[in-house]
Amino acid sequence: MVFPCGSIEGRRICVPSGPRNVISIVNETSVTLEWHSPRETGGRDDVVYNIICKKCQTDRRTCSHCDDNVEFQPRQLGLTESRVFISNLLAHTLYTFEIQAVNGVTNKSPYPAQHVSIDITTNQAGE
């Protein structure tokens with residue numbers, strides 16, 4: 001697969017490919033996500049990760065951004081490690097998490113950040 005590349009000031013730039021091999025560990029109303037780094041870094045060593053959280057209806061047709069009370073440890077944007085702990089999720093709710101891989105040229109590229117998505121359903125608190 002060829003990943004989106006362009007040229008800025010005569011230099012070839014590429015956005016990284018999406019993260020790989022995502023696993024999730026659900027514990028009641030929290031989840032830990034872990035993944036492997038992208039196969040293609042865009043020729044750069046400054047790849048970081050952003051987590052996009054969406055709360056979805058069970059039919060997966062209607063999703064909205066997660067509530068502001070959802071917490072991300074260590075943070076939601078600019079993760080340097082391939083692991084995040086997400087808490088304060090609603091019980092018995094379907095969530096979709098997009099894990100984006102970005103580098104220093106992603107925001108200058110006409111191509112969107114590459115990502116991988118994973119769906120999880122939370123359990124009841126205290127189950």
# chains A, B, ... in the order shown; residues from 1 in each chain; ligands from 1
>>> closest_atom_pairs(of="region 51-120 of chain A", to="region 23-28 of chain A", cutoff="10 Å", atoms="only C-alpha atoms", output="JSON lines")
{"residue": "A:Arg83", "atom": "CA", "partner": "A:Ile23", "partner_atom": "CA", "distance": 9.7}
{"residue": "A:Val84", "atom": "CA", "partner": "A:Ser24", "partner_atom": "CA", "distance": 9.9}
{"residue": "A:Phe85", "atom": "CA", "partner": "A:Ile25", "partner_atom": "CA", "distance": 9.4}
{"residue": "A:Ile86", "atom": "CA", "partner": "A:Val26", "partner_atom": "CA", "distance": 9.6}
{"residue": "A:Ser87", "atom": "CA", "partner": "A:Asn27", "partner_atom": "CA", "distance": 9.3}
{"residue": "A:Asn88", "atom": "CA", "partner": "A:Glu28", "partner_atom": "CA", "distance": 9.8}
{"residue": "A:Leu89", "atom": "CA", "partner": "A:Glu28", "partner_atom": "CA", "distance": 8.7}
{"residue": "A:Leu90", "atom": "CA", "partner": "A:Glu28", "partner_atom": "CA", "distance": 9.1}
{"residue": "A:Ala91", "atom": "CA", "partner": "A:Glu28", "partner_atom": "CA", "distance": 7.1}
{"residue": "A:His92", "atom": "CA", "partner": "A:Glu28", "partner_atom": "CA", "distance": 8.8}
{"residue": "A:Ile118", "atom": "CA", "partner": "A:Ser24", "partner_atom": "CA", "distance": 8.2}
{"residue": "A:Asp119", "atom": "CA", "partner": "A:Ser24", "partner_atom": "CA", "distance": 9.1}
{"residue": "A:Ile120", "atom": "CA", "partner": "A:Val26", "partner_atom": "CA", "distance": 7.8}
>>> select_by_dssp(residues="chain A", states="strand (DSSP E)", output="MDAnalysis selection string")
chainID A and resid 5:8 11:14 20:27 30:36 48:56 63:65 71:73 83:87 94:102 114:121
>>> closest_residue(among="A:Lys54, A:Val15, A:Thr121, A:Val47", to="Leu94 (chain A)", atoms="only C-alpha atoms")
A:Thr121
>>> atom_distance(atom1="CA of Thr80 (chain A)", atom2="CA of Phe97 (chain A)")
17.3 Å
>>> atom_distance(atom1="CA of Ser82 (chain A)", atom2="CA of Thr29 (chain A)")
20.7 Å
>>> decode(residues="region 58-105 of chain A", atoms="C-alpha atoms", output="PDB file, in the first residue's frame")
ATOM      1  CA  THR A  58     -26.113   0.106  19.050  1.00  0.00           C
ATOM      2  CA  ASP A  59     -26.833   0.233  15.299  1.00  0.00           C
ATOM      3  CA  ARG A  60     -23.475   2.071  14.827  1.00  0.00           C
ATOM      4  CA  ARG A  61     -25.155   4.521  12.462  1.00  0.00           C
ATOM      5  CA  THR A  62     -25.312   7.419  14.895  1.00  0.00           C
ATOM      6  CA  CYS A  63     -22.211   8.429  16.825  1.00  0.00           C
ATOM      7  CA  SER A  64     -21.264  11.590  18.683  1.00  0.00           C
ATOM      8  CA  HIS A  65     -18.098  12.764  20.368  1.00  0.00           C
ATOM      9  CA  CYS A  66     -17.639  11.468  23.890  1.00  0.00           C
ATOM     10  CA  ASP A  67     -18.725  13.498  26.882  1.00  0.00           C
ATOM     11  CA  ASP A  68     -16.256  15.979  28.388  1.00  0.00           C
ATOM     12  CA  ASN A  69     -16.039  13.949  31.610  1.00  0.00           C
ATOM     13  CA  VAL A  70     -14.266  11.037  29.846  1.00  0.00           C
ATOM     14  CA  GLU A  71     -10.667  10.943  31.087  1.00  0.00           C
ATOM     15  CA  PHE A  72      -7.558   9.865  29.171  1.00  0.00           C
ATOM     16  CA  GLN A  73      -4.350   8.868  30.954  1.00  0.00           C
ATOM     17  CA  PRO A  74      -1.749  10.040  30.290  1.00  0.00           C
ATOM     18  CA  ARG A  75      -3.616  12.286  27.766  1.00  0.00           C
ATOM     19  CA  GLN A  76      -5.822  12.192  24.652  1.00  0.00           C
ATOM     20  CA  LEU A  77      -3.599  13.994  22.141  1.00  0.00           C
ATOM     21  CA  GLY A  78       0.116  13.814  21.431  1.00  0.00           C
ATOM     22  CA  LEU A  79       0.722  10.431  23.059  1.00  0.00           C
ATOM     23  CA  THR A  80       4.312   9.311  22.687  1.00  0.00           C
ATOM     24  CA  GLU A  81       3.659   5.775  23.945  1.00  0.00           C
ATOM     25  CA  SER A  82       1.320   3.238  22.358  1.00  0.00           C
ATOM     26  CA  ARG A  83      -0.975   2.833  25.361  1.00  0.00           C
ATOM     27  CA  VAL A  84      -3.822   4.844  26.890  1.00  0.00           C
ATOM     28  CA  PHE A  85      -6.195   4.302  29.807  1.00  0.00           C
ATOM     29  CA  ILE A  86      -9.697   5.747  29.311  1.00  0.00           C
ATOM     30  CA  SER A  87     -12.127   6.087  32.219  1.00  0.00           C
ATOM     31  CA  ASN A  88     -15.497   7.598  33.194  1.00  0.00           C
ATOM     32  CA  LEU A  89     -17.275   5.868  30.319  1.00  0.00           C
ATOM     33  CA  LEU A  90     -20.995   5.103  30.548  1.00  0.00           C
ATOM     34  CA  ALA A  91     -22.060   1.552  31.448  1.00  0.00           C
ATOM     35  CA  HIS A  92     -23.526  -0.696  28.726  1.00  0.00           C
ATOM     36  CA  THR A  93     -22.507   1.715  25.986  1.00  0.00           C
ATOM     37  CA  LEU A  94     -20.881   1.161  22.593  1.00  0.00           C
ATOM     38  CA  TYR A  95     -17.807   3.290  21.939  1.00  0.00           C
ATOM     39  CA  THR A  96     -15.622   3.620  18.875  1.00  0.00           C
ATOM     40  CA  PHE A  97     -12.041   4.736  19.423  1.00  0.00           C
ATOM     41  CA  GLU A  98      -9.934   5.969  16.528  1.00  0.00           C
ATOM     42  CA  ILE A  99      -6.219   5.855  17.154  1.00  0.00           C
ATOM     43  CA  GLN A 100      -4.514   8.293  14.797  1.00  0.00           C
ATOM     44  CA  ALA A 101      -0.822   8.224  13.983  1.00  0.00           C
ATOM     45  CA  VAL A 102       0.500  11.691  13.180  1.00  0.00           C
ATOM     46  CA  ASN A 103       3.899  13.229  12.597  1.00  0.00           C
ATOM     47  CA  GLY A 104       5.276  16.735  12.159  1.00  0.00           C
ATOM     48  CA  VAL A 105       3.991  17.023   8.600  1.00  0.00           C
TER      49      VAL A 105
END
